[in-house]
$ cat input-v9.cif   # mmCIF, C-alpha atoms
data_my_file
loop_
_atom_site.label_atom_id
_atom_site.label_comp_id
_atom_site.auth_asym_id
_atom_site.auth_seq_id
_atom_site.Cartn_x
_atom_site.Cartn_y
_atom_site.Cartn_z
CA MET A 1 94.09 -23.91 117.27
CA LEU A 2 94.05 -25.40 113.78
CA GLY A 3 91.94 -22.52 112.50
CA ASN A 4 94.38 -20.03 113.98
CA MET A 5 97.10 -21.42 111.71
CA LEU A 6 95.08 -20.59 108.58
CA PHE A 7 95.46 -17.28 106.72
CA VAL A 8 92.47 -17.24 104.39
CA GLY A 9 92.32 -15.22 101.19
CA LEU A 10 88.93 -13.51 101.19
CA ASN A 11 87.49 -13.43 97.69
CA THR A 12 83.88 -12.80 98.69
CA THR A 13 81.94 -10.12 100.53
CA ASP A 14 79.28 -12.62 101.63
CA LYS A 15 78.85 -11.77 105.32
CA GLU A 16 77.63 -15.24 106.21
CA ILE A 17 80.78 -16.82 104.81
CA ILE A 18 82.98 -14.33 106.67
CA ARG A 19 80.97 -15.02 109.83
CA LYS A 20 81.46 -18.78 109.51
CA LEU A 21 85.19 -18.41 108.85
CA ILE A 22 85.61 -16.49 112.09
CA LYS A 23 82.84 -17.86 114.31
CA ASP A 24 83.06 -21.53 113.32
CA CYS A 25 86.67 -21.94 112.23
CA HIS A 26 88.44 -19.22 114.26
CA ILE A 27 90.80 -18.56 111.36
CA GLY A 28 93.94 -16.71 112.38
CA GLY A 29 94.14 -14.30 109.47
CA ILE A 30 92.32 -12.87 106.46
CA THR A 31 93.95 -11.62 103.27
CA LEU A 32 92.16 -8.80 101.43
CA TYR A 33 91.90 -8.57 97.65
CA GLY A 34 91.22 -5.41 95.67
CA ARG A 35 88.14 -6.89 93.99
CA LEU A 36 86.31 -6.83 97.36
CA TYR A 37 85.80 -3.08 97.40
CA LYS A 38 85.19 -0.18 95.02
CA ASN A 39 86.54 2.52 97.31
CA TYR A 40 88.32 3.14 100.61
CA ASP A 41 85.13 3.35 102.69
CA GLU A 42 84.01 -0.05 101.43
CA MET A 43 87.40 -1.51 102.38
CA LEU A 44 87.11 -0.10 105.91
CA ASN A 45 83.59 -1.51 106.23
CA ILE A 46 84.87 -5.02 105.47
CA ILE A 47 87.82 -4.61 107.85
CA ASN A 48 85.59 -3.41 110.67
CA TYR A 49 83.15 -6.27 110.12
CA ILE A 50 86.04 -8.75 110.39
CA LYS A 51 87.29 -7.07 113.57
CA LYS A 52 83.80 -7.01 115.08
CA LEU A 53 83.29 -10.75 114.58
CA SER A 54 86.75 -11.57 115.89
CA ASN A 55 86.18 -9.41 118.94
CA GLU A 56 82.94 -11.28 119.66
CA GLU A 57 84.93 -14.52 119.59
CA ASN A 58 87.46 -13.02 122.01
CA TYR A 59 90.57 -13.36 119.87
CA ASN A 60 92.60 -10.94 117.76
CA ILE A 61 92.62 -11.70 114.06
CA LEU A 62 95.43 -10.73 111.69
CA ILE A 63 94.45 -8.82 108.55
CA GLY A 64 96.88 -8.93 105.64
CA ILE A 65 97.27 -7.66 102.10
CA ASP A 66 99.59 -8.11 99.10
CA GLN A 67 100.64 -4.51 98.66
CA GLU A 68 103.84 -4.51 96.61
CA GLY A 69 102.61 -1.78 94.28
CA TYR A 70 102.36 -1.64 90.48
CA ARG A 71 101.55 -5.18 89.25
CA VAL A 72 100.57 -6.34 92.74
CA ASN A 73 98.29 -3.58 93.98
CA ARG A 74 95.38 -4.45 96.29
CA LEU A 75 94.42 -0.99 97.52
CA PRO A 76 91.16 0.67 96.41
CA LYS A 77 91.17 3.02 93.41
CA ASP A 78 91.10 6.06 95.71
CA PHE A 79 94.88 5.66 95.93
CA LEU A 80 97.26 6.13 93.02
CA ASN A 81 99.34 3.09 92.20
CA ILE A 82 103.00 3.17 93.23
CA LYS A 83 105.52 2.30 90.52
CA SER A 84 107.33 -1.03 90.58
CA PRO A 85 110.10 -1.71 93.11
CA TYR A 86 112.59 -2.32 90.31
CA SER A 87 111.99 1.17 88.91
CA MET A 88 113.19 2.62 92.25
CA LYS A 89 116.41 0.62 92.53
CA ASP A 90 118.78 3.56 91.95
CA ASP A 91 117.81 5.51 95.08
CA LEU A 92 117.46 4.01 98.55
CA ASN A 93 115.25 6.91 99.60
CA ASN A 94 112.65 5.76 97.08
CA PHE A 95 112.23 2.48 98.94
CA LYS A 96 112.01 4.24 102.29
CA GLU A 97 109.32 6.59 100.99
CA SER A 98 107.43 3.77 99.27
CA ALA A 99 107.35 1.73 102.49
CA SER A 100 106.43 4.82 104.51
CA ILE A 101 103.44 5.52 102.25
CA VAL A 102 102.28 1.90 102.31
CA GLY A 103 102.88 1.64 106.05
CA THR A 104 100.87 4.80 106.70
CA ILE A 105 97.92 3.54 104.66
CA LEU A 106 97.90 0.04 106.14
CA ASN A 107 98.40 1.09 109.75
CA SER A 108 95.65 3.72 109.49
CA SER A 109 93.34 1.12 107.94
CA GLY A 110 93.74 -1.60 110.57
CA ILE A 111 95.79 -3.86 108.28
CA HIS A 112 98.56 -5.60 110.19
CA VAL A 113 100.49 -7.67 107.64
CA ASN A 114 101.95 -6.84 104.24
CA PHE A 115 103.02 -9.79 102.10
CA ALA A 116 106.05 -7.87 100.89
CA PRO A 117 108.82 -7.29 100.02
CA VAL A 118 109.92 -9.76 97.36
CA LEU A 119 113.47 -10.95 98.09
CA ASP A 120 113.84 -12.78 94.77
CA ILE A 121 116.65 -11.87 92.39
CA LYS A 122 115.69 -10.33 89.02
CA ARG A 123 117.30 -12.48 86.35
CA PHE A 124 114.68 -12.22 83.61
CA ASP A 125 112.60 -9.53 81.89
CA ASP A 126 110.10 -7.24 83.61
CA ASN A 127 107.14 -9.45 82.69
CA HIS A 128 108.59 -12.54 84.36
CA ALA A 129 106.68 -13.83 87.41
CA ILE A 130 109.06 -11.73 89.54
CA GLY A 131 110.48 -9.29 86.99
CA ASP A 132 109.94 -5.68 88.06
CA ARG A 133 108.59 -6.81 91.42
CA ALA A 134 112.22 -7.42 92.41
CA PHE A 135 114.31 -4.93 94.37
CA GLY A 136 117.48 -5.54 92.37
CA ASP A 137 119.52 -7.71 90.00
CA ASN A 138 121.81 -9.25 92.60
CA SER A 139 121.69 -10.36 96.20
CA GLN A 140 123.64 -7.41 97.61
CA ASP A 141 121.38 -4.77 96.04
CA ILE A 142 118.32 -6.69 97.19
CA ILE A 143 119.68 -6.88 100.75
CA LYS A 144 120.33 -3.13 100.82
CA ASN A 145 117.02 -2.11 99.26
CA THR A 146 114.69 -4.53 101.06
CA ASP A 147 116.39 -3.87 104.38
CA ALA A 148 115.40 -0.20 104.09
CA TYR A 149 111.85 -1.16 103.03
CA ILE A 150 111.39 -3.65 105.88
CA LYS A 151 112.65 -1.24 108.54
CA GLU A 152 110.27 1.48 107.33
CA LEU A 153 107.26 -0.85 107.35
CA LYS A 154 108.09 -1.88 110.91
CA LYS A 155 108.26 1.78 111.97
CA HIS A 156 104.57 1.94 111.06
CA ASN A 157 103.85 -1.22 113.05
CA VAL A 158 103.18 -3.22 109.88
CA ILE A 159 104.49 -6.79 109.76
CA PRO A 160 106.54 -7.51 106.61
CA VAL A 161 106.49 -10.97 105.04
CA VAL A 162 109.52 -11.75 102.88
CA LYS A 163 109.02 -14.08 99.91
CA HIS A 164 109.43 -16.45 98.03
CA PHE A 165 111.96 -18.59 99.91
CA PRO A 166 114.36 -19.94 98.75
CA GLY A 167 114.15 -17.77 95.61
CA HIS A 168 111.71 -17.42 92.72
CA GLY A 169 114.42 -15.74 90.65
CA ALA A 170 116.01 -19.17 90.20
CA THR A 171 113.33 -20.29 87.75
CA THR A 172 111.54 -18.93 84.70
CA ILE A 173 108.34 -20.80 85.61
CA ASN A 174 105.47 -18.91 87.24
CA THR A 175 104.34 -20.74 90.40
CA HIS A 176 100.85 -19.25 89.99
CA HIS A 177 100.36 -21.69 87.11
CA PHE A 178 102.97 -24.47 87.35
CA LEU A 179 105.26 -26.24 89.80
CA PRO A 180 108.83 -25.41 88.70
CA VAL A 181 111.89 -27.55 89.37
CA ILE A 182 115.08 -25.83 90.55
CA PHE A 183 118.12 -27.95 89.69
CA ASN A 184 121.00 -25.54 90.33
CA THR A 185 121.02 -25.71 94.12
CA ASP A 186 124.63 -24.49 94.32
CA LYS A 187 123.61 -21.16 92.81
CA LEU A 188 120.48 -21.11 94.94
CA ILE A 189 122.52 -21.43 98.14
CA ALA A 190 125.31 -19.11 97.00
CA GLU A 191 123.08 -16.28 95.74
CA ASP A 192 119.30 -16.54 96.12
CA ILE A 193 119.22 -17.45 99.80
CA LEU A 194 121.51 -14.58 100.86
CA PRO A 195 118.76 -11.91 101.12
CA PHE A 196 116.69 -14.28 103.26
CA LYS A 197 119.72 -15.02 105.42
CA HIS A 198 120.22 -11.28 105.97
CA ALA A 199 116.53 -10.85 106.85
CA ILE A 200 116.78 -13.70 109.35
CA GLU A 201 119.83 -12.11 110.97
CA ASN A 202 117.77 -8.94 111.32
CA ASN A 203 114.88 -10.78 113.01
CA ILE A 204 112.32 -10.92 110.22
CA ASP A 205 109.00 -12.10 111.65
CA ILE A 206 107.55 -14.16 108.76
CA ILE A 207 109.08 -15.95 105.77
CA MET A 208 106.85 -17.20 102.96
CA VAL A 209 108.01 -20.35 101.18
CA GLY A 210 107.25 -20.71 97.48
CA HIS A 211 105.87 -23.68 95.55
CA PHE A 212 109.07 -25.11 94.05
CA LEU A 213 110.53 -28.56 93.59
CA ILE A 214 114.20 -28.32 94.55
CA LYS A 215 116.94 -30.86 93.81
CA ASN A 216 118.50 -32.29 97.00
CA TYR A 217 115.83 -30.64 99.18
CA SER A 218 112.28 -31.19 98.02
CA LEU A 219 112.31 -32.80 94.60
CA PHE A 220 109.19 -34.86 95.30
CA LYS A 221 107.28 -32.40 97.47
CA PRO A 222 106.71 -28.64 97.04
CA ALA A 223 109.12 -26.60 99.15
CA SER A 224 106.16 -24.84 100.78
CA ILE A 225 105.12 -28.03 102.60
CA SER A 226 108.52 -29.75 102.86
CA LYS A 227 110.17 -30.74 106.15
CA LYS A 228 113.59 -30.51 104.49
CA ILE A 229 112.97 -26.83 103.69
CA VAL A 230 111.78 -26.22 107.26
CA ASN A 231 114.97 -27.88 108.48
CA LEU A 232 117.03 -25.70 106.13
CA LEU A 233 115.47 -22.63 107.73
CA ARG A 234 115.52 -23.87 111.32
CA ASP A 235 118.82 -25.76 111.47
CA ASP A 236 121.06 -24.28 108.77
CA LEU A 237 119.88 -20.66 108.80
CA LYS A 238 118.93 -20.61 112.53
CA TYR A 239 115.54 -19.04 111.83
CA GLN A 240 113.23 -19.13 114.85
CA ASN A 241 110.19 -17.10 113.74
CA LEU A 242 107.15 -17.89 111.60
CA ILE A 243 107.24 -19.93 108.40
CA MET A 244 104.23 -19.72 106.09
CA THR A 245 103.23 -21.30 102.80
CA ASP A 246 102.39 -19.46 99.64
CA ASP A 247 98.71 -19.85 98.66
CA LEU A 248 97.76 -23.54 98.47
CA ILE A 249 95.16 -22.74 95.81
CA MET A 250 97.90 -21.64 93.40
CA GLY A 251 98.98 -23.60 90.36
CA PRO A 252 98.80 -27.40 90.30
CA LEU A 253 98.35 -27.55 94.11
CA ARG A 254 94.73 -26.50 93.61
CA LEU A 255 94.09 -29.99 92.22
CA PHE A 256 95.14 -31.73 95.44
CA ASN A 257 93.13 -32.47 98.58
CA LYS A 258 93.50 -29.31 100.67
CA ALA A 259 93.12 -31.00 104.04
CA LYS A 260 95.96 -33.38 103.15
CA LEU A 261 98.15 -30.52 101.96
CA ILE A 262 97.54 -28.60 105.20
CA LYS A 263 98.19 -31.74 107.27
CA THR A 264 101.48 -32.30 105.44
CA ALA A 265 102.51 -28.67 105.92
CA ILE A 266 101.81 -28.72 109.66
CA ASN A 267 103.56 -32.06 110.14
CA SER A 268 106.55 -30.63 108.26
CA GLY A 269 106.77 -27.77 110.78
CA VAL A 270 105.15 -24.94 108.82
CA ASN A 271 103.40 -22.46 111.14
CA ILE A 272 100.93 -20.55 108.94
CA ILE A 273 99.01 -21.90 105.97
CA MET A 274 97.88 -19.44 103.32
CA ILE A 275 94.82 -20.61 101.43
CA LYS A 276 92.30 -18.70 99.36
CA TYR A 277 88.67 -19.31 100.22
CA SER A 278 86.90 -21.73 97.90
CA ASP A 279 83.59 -23.58 97.84
CA THR A 280 85.24 -26.61 99.46
CA PHE A 281 86.81 -24.69 102.35
CA PHE A 282 84.41 -25.75 105.12
CA LYS A 283 84.47 -29.39 104.01
CA ASP A 284 88.26 -29.27 103.92
CA TYR A 285 88.23 -27.79 107.41
CA GLU A 286 86.01 -30.61 108.68
CA ASN A 287 88.46 -33.15 107.24
CA LEU A 288 91.32 -31.33 108.91
CA ILE A 289 89.57 -31.64 112.27
CA LYS A 290 89.14 -35.37 111.60
CA TYR A 291 92.89 -35.72 110.99
CA TYR A 292 93.51 -33.92 114.27
CA ASN A 293 91.12 -36.16 116.22
CA GLN A 294 92.73 -39.23 114.64
CA ASN A 295 96.16 -37.99 115.81
CA LYS A 296 97.34 -37.70 112.23
CA ILE A 297 98.52 -34.13 112.81
CA ASN A 298 101.46 -33.40 115.09
CA HIS A 299 99.94 -31.68 118.13
CA ASP A 300 103.32 -30.40 119.31
CA ASN A 301 103.80 -28.60 116.00
CA ILE A 302 100.40 -26.96 116.40
CA ASN A 303 101.16 -25.81 119.95
CA TYR A 304 104.55 -24.47 118.86
CA SER A 305 102.98 -22.56 115.96
CA ILE A 306 100.22 -21.03 118.09
CA ASN A 307 102.84 -19.86 120.58
CA LEU A 308 104.79 -18.14 117.79
CA ILE A 309 101.62 -16.57 116.38
CA ASN A 310 100.54 -15.25 119.78
CA ASN A 311 104.01 -13.83 120.39
CA LEU A 312 103.80 -11.99 117.07
CA LYS A 313 100.39 -10.54 117.93
CA ASN A 314 101.70 -9.34 121.29
CA LYS A 315 104.84 -7.86 119.71
CA TYR A 316 102.80 -5.74 117.29
CA ASN A 317 99.90 -5.10 119.69
CA ILE A 318 97.34 -6.66 117.32
CA ASN A 319 93.80 -5.78 118.36
CA ASN A 320 90.25 -5.53 117.06
CA GLU A 321 89.80 -1.81 117.57
CA PRO A 322 87.52 -0.42 114.83
CA VAL A 323 89.10 1.95 112.34
CA LYS A 324 87.81 5.26 110.99
CA ASN A 325 88.52 7.07 107.75
CA THR A 326 91.10 9.52 109.06
CA LEU A 327 93.48 9.46 106.10
CA ASP A 328 93.96 12.52 103.92
CA ILE A 329 93.99 10.58 100.65
CA SER A 330 94.85 13.64 98.57
CA LYS A 331 98.06 14.13 100.58
CA ILE A 332 98.89 10.44 100.23
CA ASN A 333 98.40 10.70 96.47
CA ASP A 334 100.63 13.80 96.33
CA ARG A 335 103.39 11.75 97.98
CA ILE A 336 102.83 8.90 95.53
CA THR A 337 103.01 11.29 92.56
CA THR A 338 106.28 12.76 93.83
CA LEU A 339 107.70 9.28 94.39
CA ASN A 340 106.63 8.01 90.97
CA ASN A 341 108.25 11.01 89.30
CA LYS A 342 111.56 10.09 90.89
CA ALA A 343 111.39 6.46 89.75
CA ASN A 344 112.82 5.37 86.40
#
$ encode --input "input-v9.cif" --output "structure tokens"
Amino acid sequence: MLGNMLFVGLNTTDKEIIRKLIKDCHIGGITLYGRLYKNYDEMLNIINYIKKLSNEENYNILIGIDQEGYRVNRLPKDFLNIKSPYSMKDDLNNFKESASIVGTILNSSGIHVNFAPVLDIKRFDDNHAIGDRAFGDNSQDIIKNTDAYIKELKKHNVIPVVKHFPGHGATTINTHHFLPVIFNTDKLIAEDILPFKHAIENNIDIIMVGHFLIKNYSLFKPASISKKIVNLLRDDLKYQNLIMTDDLIMGPLRLFNKAKLIKTAINSGVNIIMIKYSDTFFKDYENLIKYYNQNKINHDNINYSINLINNLKNKYNINNEPVKNTLDISKINDRITTLNNKAN
């Protein structure tokens, strides 16, 4: 059950490592990175290998990808890159078409989860950690634009993950490198949280929490593993679906004991832990099992999380059926070209 709460970033094509992750640890999800494959066929080969191993273990694994487009593009080079979300902000149809293209590719490829869209407000220049990844300059535009994007992804049976709760637009610091402190919680609550609140009211399935220190909420513990942030979501915003961390290998968190970080996250009520594979992963996993056997991890929280995860898999009919290369990539690229020409 512990393994099923882990969404592991796969940064290697070593089949033995992939086998151990699935056969020995029963990890619940794998995130794909573009560096794993040179072309679409290679990507499908990796996906089918993952599905084969999971099927042998008699459970359905989730396969995810960060496919925002432009700066965050994880698809193979066979596909043209879609322009940034911010460049499409003047036409709602652009977002619908962008999500339709991405949804078509992912669904046809056996990828179930897209770690998108970004719900953060754009307050700084395009090169900021969020910048042109944002869907607008204010909460109302972001609500309108991401709502259209989310609905279109769901039409293609792709699970959207909204991020980075409670709002990366509230800080200039890049959480990939540092742990920022957000002091203006009044503005955070009044503006940044609104797109997440709207997504919750529209039954979003997964919310990713960012690595922030937040005054009055989690000043001494990253928001991603904070019980106060879980309580904010569960009690104040009435969110009942899955809460996941951003990658625990990011920024200064990479320096901390991973088993302890995961233990803290689970005990805080987080349901899915995102963590990129590293050389210490299997040792960290052993330590996590020790914490479990020593009753240092809340078993009720684990059971609750597994129930939510299984409900999600049933809702989206997640399975290990192998995938074939049935996409007409030239037609997909024609759609991308047309879309990019409409963007600013």
$ closest_residue --input "input-v9.cif" --among "A:Ile17, A:Phe79, A:Gly34, A:Asn157" --to "Asn314 of chain A" --atoms "only C-alpha atoms"
A:Asn157
$ resolve_selection --input "input-v9.cif" --expression "the PyMOL selection byres ((chain A and resi 82) around 7)" --output "PyMOL selection string"
chain A and resi 69-70+80-81+83-84+336+340
$ closest_residue --input "input-v9.cif" --among "A:Phe7, A:Asn267, A:Asp14, A:Lys296" --to "Thr245 of chain A" --atoms "all atoms listed in the file"
A:Phe7
$ resolve_selection --input "input-v9.cif" --expression "the PyMOL selection byres ((chain A and resi 46) around 10)" --output "number ranges by chain"
A: 13, 15, 18, 32, 36-37, 41-45, 47-52
$ residues_near_point --input "input-v9.cif" --point "(121.0, -14.6, 106.0)" --cutoff "10 Å" --atoms "only C-alpha atoms" --output "VMD selection string"
chain A and resid 143 193 to 202 233 237 to 239
$ resolve_selection --input "input-v9.cif" --expression "the PyMOL selection byres ((chain A and resi 67) around 8)" --output "count of residues only"
12
$ atom_distance --input "input-v9.cif" --atom1 "atom CA of Asp126 of chain A" --atom2 "atom CA of Lys187 of chain A"
21.5 Å
$ closest_residue --input "input-v9.cif" --among "A:Gly131, A:Gly3, A:Gly269, A:Gly210" --to "Asp300 of chain A" --atoms "only C-alpha atoms"
A:Gly269
$ atom_distance --input "input-v9.cif" --atom1 "atom CA of Ile111 of chain A" --atom2 "atom CA of Lys96 of chain A"
19.1 Å
$ closest_residue --input "input-v9.cif" --among "A:Gly64, A:Asp192, A:Glu57, A:Val181" --to "Leu119 of chain A" --atoms "all atoms listed in the file"
A:Asp192
$ atom_distance --input "input-v9.cif" --atom1 "atom CA of Pro85 of chain A" --atom2 "atom CA of Ser330 of chain A"
22.3 Å
